[in-house]
Amino acid sequence: MDPRLQPLSQTIEPADSSTKTYFKWGCLAALGLAACLCLVLFAGGAGLLTKFGGDPEGLEASYDMPGQVTSGGTFELALSLTNAGETDLTVTDIDLDEAFGGSILDGAIVLATDPPMEKDYSLSGIKTFHYNRTLRPGETQTVRFTLQAVSIGEFGGSIGIYVGDKAKRFDYIGLVITN
């Protein structure tokens, strides 16, 4: 037989037991690290929901705004804030949008507020107005936003009224701007 046609023999050596042991411990460590990370994320999310979730106790609120306006026209968004509780409430901020969604301010701009408020648009997608007023028990205050419609289309978002870390929210406030 021709020596060039003889089958080659190959020996596969099994990995030594120390290599297998290191591999097993590495996999276990990675799995443990992933489990700890998931636990931290879950606990952090639950903590944020507890801290920032829920309505402020004692705050009653309602809003009034036309559902449809003409492009270029001005309109009003009025918020009625009532302290139905037995202690003072300080309304710190009013948000006219959602951080991860749309906003009526995608189609309109705020021309004025009554009472006058400082606005903060420092973060993309967050349009906060610093209200910082105290409501005595039983007191009602009205906040007015004068807006101008600037883009044609359908716009929606939410309004958040903050007392400390808690917010009274109106989800999906719709606005249609026509020609």
# chains A, B, ... in the order shown; residues from 1 in each chain; ligands from 1
$ select_by_dssp --residues "segment 67-169 of chain A" --states "strand (DSSP E or B)" --output "PyMOL selection string"
chain A and resi 68-70+74-83+89-95+108-114+118-120+128-135+140-149+153-163+166-169
$ residues_around --residues "Ala78 of chain A" --least-positions-apart "6" --cutoff "7 Å" --atoms "only C-alpha atoms" --output "ChimeraX atom specification"
/A:63-65,142-145
$ atom_distance --atom1 "atom CA of Gly85 of chain A" --atom2 "atom CA of Ile126 of chain A"
28.9 Å
$ residues_around --residues "Val69 of chain A" --least-positions-apart "4" --cutoff "12 Å" --atoms "only C-alpha atoms" --output "ChimeraX atom specification"
/A:65,73-77,104,107-108,147-155,174-179
$ residues_around --residues "Gly58 of chain A" --least-positions-apart "5" --cutoff "12 Å" --atoms "only C-alpha atoms" --output "list in words"
Leu81, Thr82, Asn83, Ala84, Gly85, Glu86, Thr87, Asp88, Leu89, Thr90, Val91, Leu135, Arg136, Pro137, Gly138, Glu139, Thr140, Val163, Lys166, Ala167 and Lys168 of chain A
$ residues_around --residues "Gly164 of chain A" --least-positions-apart "3" --cutoff "12 Å" --atoms "only C-alpha atoms" --output "list of chain:residue names"
A:Lys51, A:Phe52, A:Gly53, A:Gly54, A:Asp55, A:Pro56, A:Glu57, A:Leu59, A:Leu89, A:Thr90, A:Val91, A:Thr92, A:Asp93, A:Ile94, A:Tyr131, A:Asn132, A:Arg133, A:Thr134, A:Gly160, A:Ile161, A:Ala167, A:Lys168
